[in-house]
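Notes follow once the structure below has been shown.
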Amino acid sequence: MLIEIPFDSKDMETAGVATMDSALCWGLVTFEEGVVKSIECFDRREDINDFVDYAIVARQGEPIWPLMEEGIFVLVAEEGMKLDEVMERFRFKELHEASF
């Protein structure tokens, strides 16, 4: 499964979830069997050409309509949250569905 997340840095060791408008990179996470298999960074969301299953955004009220039009299910984390924590919450279904 593929999950896209806007980040405030290209360094995945220190990156936190950013708002869609302020993202310095978009992470494309390959998540299989409850484990992150790989992460690719893209400068712009439009550069991701794969079919994405989920997007995780920083907060409610983000401009998620384009994601929903593409059939991507959108969940909400917290701004600044690190990748490990985001994926742990995803794994245990602790992220909430986004609304606009």
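How things are named: the first chain in the structure tokens is A, the next is B, and so on; residues count from 1 in each chain; ligands count from 1 in the order shown.
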
Exercise. Residues at most 8 Å from region 51-56 of chain A, counting only C-alpha atoms, excluding those fewer than 6 positions away in the same chain, as a PyMOL selection string?
Worked result: chain A and resi 1-6+67+71-77

Please produce a file of the residues just selected, as a CSV table (one decimal), in the first residue's frame, where the atoms kept are C-alpha atoms.
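Result file follows (selection-v3.csv):
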chain,number,residue,atom,x,y,z
A,1,MET,CA,0.0,0.0,0.0
A,2,LEU,CA,1.2,3.5,-0.8
A,3,ILE,CA,0.8,6.5,1.6
A,4,GLU,CA,1.7,10.0,0.8
A,5,ILE,CA,2.6,12.5,3.5
A,6,PRO,CA,3.7,16.2,3.3
A,67,LEU,CA,-6.8,14.1,-3.0
A,71,GLY,CA,-9.9,8.5,-4.8
A,72,ILE,CA,-7.3,8.8,-2.0
A,73,PHE,CA,-8.6,8.2,1.5
A,74,VAL,CA,-7.3,11.1,3.7
A,75,LEU,CA,-6.4,10.8,7.4
A,76,VAL,CA,-5.2,13.4,9.8
A,77,ALA,CA,-2.1,13.3,12.0

Problem set entry | Spatial neighbours of Leu83 (chain A), 12 Å, only C-alpha atoms, chain gap at least 5 places, as a ChimeraX atom specification | /A:3-18,26-29,31,35-36,38-39,56-58,77-78,88-90

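Of note, CA of Met68 (chain A) and CA of Ala23 (chain A) are spaced 18.7 Å apart.
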
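Comparing the minimum interatomic distances between Glu46 (chain A) and each of A:Glu70, A:Glu62, A:Glu79, A:Glu85, counting only C-alpha atoms, we find that A:Glu70 sits nearest.
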
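Here the alpha helix (DSSP H) residues in chain A, by DSSP on the backbone, are Trp65, Pro66, Leu67, Met68, Glu69, Leu83, Asp84, Glu85, Val86, Met87, Glu88, Arg89, Phe90 and Arg91 of chain A.
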
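Distances to Arg44 (chain A) were evaluated for A:Arg91, A:Glu32, A:Gln60, A:Cys25 using only C-alpha atoms, and the minimum falls at A:Cys25.
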
Problem set entry | strand (DSSP E) positions in chain A, given as a PyMOL selection string | chain A and resi 2-7+25-32+35-42+54-57+73-76+96-97

Output N, CA and C atoms for every residue in the selection just made, as a short mmCIF file (atom, residue, chain, number, x, y, z; two decimals), in the first residue's frame.
data_model
loop_
_atom_site.label_atom_id
_atom_site.label_comp_id
_atom_site.auth_asym_id
_atom_site.auth_seq_id
_atom_site.Cartn_x
_atom_site.Cartn_y
_atom_site.Cartn_z
N LEU A 2 0.44 2.27 -0.71
CA LEU A 2 1.21 3.51 -0.80
C LEU A 2 0.50 4.63 -0.04
N ILE A 3 1.29 5.37 0.72
CA ILE A 3 0.78 6.45 1.56
C ILE A 3 1.62 7.69 1.29
N GLU A 4 0.97 8.81 0.98
CA GLU A 4 1.72 10.05 0.78
C GLU A 4 1.51 10.98 1.97
N ILE A 5 2.62 11.65 2.36
CA ILE A 5 2.62 12.51 3.53
C ILE A 5 3.45 13.75 3.23
N PRO A 6 2.93 14.95 3.50
CA PRO A 6 3.73 16.15 3.35
C PRO A 6 4.67 16.33 4.54
N PHE A 7 5.95 16.61 4.27
CA PHE A 7 6.95 16.75 5.33
C PHE A 7 7.63 18.11 5.29
N CYS A 25 8.79 18.59 1.10
CA CYS A 25 8.81 17.38 0.29
C CYS A 25 7.57 16.56 0.60
N TRP A 26 7.23 15.69 -0.32
CA TRP A 26 6.14 14.74 -0.13
C TRP A 26 6.77 13.36 -0.05
N GLY A 27 6.53 12.68 1.06
CA GLY A 27 7.03 11.34 1.22
C GLY A 27 6.03 10.34 0.67
N LEU A 28 6.53 9.38 -0.08
CA LEU A 28 5.70 8.28 -0.56
C LEU A 28 6.18 7.03 0.16
N VAL A 29 5.35 6.57 1.08
CA VAL A 29 5.70 5.46 1.96
C VAL A 29 5.09 4.18 1.42
N THR A 30 5.92 3.16 1.25
CA THR A 30 5.43 1.83 0.92
C THR A 30 5.28 1.10 2.24
N PHE A 31 4.03 0.72 2.56
CA PHE A 31 3.69 0.13 3.86
C PHE A 31 3.07 -1.24 3.61
N GLU A 32 3.76 -2.29 4.06
CA GLU A 32 3.28 -3.66 3.85
C GLU A 32 3.44 -4.46 5.12
N VAL A 35 4.64 -2.76 8.27
CA VAL A 35 6.01 -2.26 8.32
C VAL A 35 6.26 -1.29 7.16
N VAL A 36 7.02 -0.22 7.43
CA VAL A 36 7.45 0.68 6.37
C VAL A 36 8.55 -0.02 5.59
N LYS A 37 8.30 -0.29 4.32
CA LYS A 37 9.28 -0.98 3.47
C LYS A 37 10.23 0.00 2.80
N SER A 38 9.70 1.17 2.41
CA SER A 38 10.56 2.17 1.77
C SER A 38 9.87 3.53 1.82
N ILE A 39 10.70 4.57 1.61
CA ILE A 39 10.20 5.95 1.55
C ILE A 39 10.93 6.65 0.42
N GLU A 40 10.16 7.27 -0.45
CA GLU A 40 10.73 8.10 -1.52
C GLU A 40 10.29 9.53 -1.26
N CYS A 41 11.15 10.50 -1.53
CA CYS A 41 10.81 11.91 -1.38
C CYS A 41 10.62 12.55 -2.75
N PHE A 42 9.59 13.37 -2.84
CA PHE A 42 9.30 14.10 -4.06
C PHE A 42 9.18 15.58 -3.72
N TYR A 54 -3.59 6.06 0.50
CA TYR A 54 -3.90 6.97 1.59
C TYR A 54 -3.01 8.20 1.50
N ALA A 55 -3.54 9.31 2.01
CA ALA A 55 -2.73 10.50 2.27
C ALA A 55 -2.93 10.83 3.74
N ILE A 56 -1.87 11.26 4.39
CA ILE A 56 -1.95 11.67 5.79
C ILE A 56 -1.53 13.13 5.83
N VAL A 57 -2.42 13.99 6.33
CA VAL A 57 -2.17 15.43 6.37
C VAL A 57 -1.99 15.90 7.81
N PHE A 73 -7.98 8.08 0.17
CA PHE A 73 -8.57 8.20 1.49
C PHE A 73 -7.64 9.05 2.34
N VAL A 74 -8.15 10.11 2.96
CA VAL A 74 -7.31 11.07 3.67
C VAL A 74 -7.51 10.96 5.18
N LEU A 75 -6.38 10.84 5.89
CA LEU A 75 -6.38 10.78 7.35
C LEU A 75 -5.61 11.97 7.91
N VAL A 76 -5.85 12.28 9.19
CA VAL A 76 -5.22 13.43 9.82
C VAL A 76 -4.30 12.99 10.95
N HIS A 96 -7.62 9.91 12.40
CA HIS A 96 -9.02 10.16 12.07
C HIS A 96 -9.16 10.57 10.61
N GLU A 97 -10.35 10.31 10.07
CA GLU A 97 -10.64 10.69 8.70
C GLU A 97 -10.69 12.21 8.59
#

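Distance-wise, CA of Asp21 (chain A) and CA of Asp43 (chain A) end up 12.3 Å apart.
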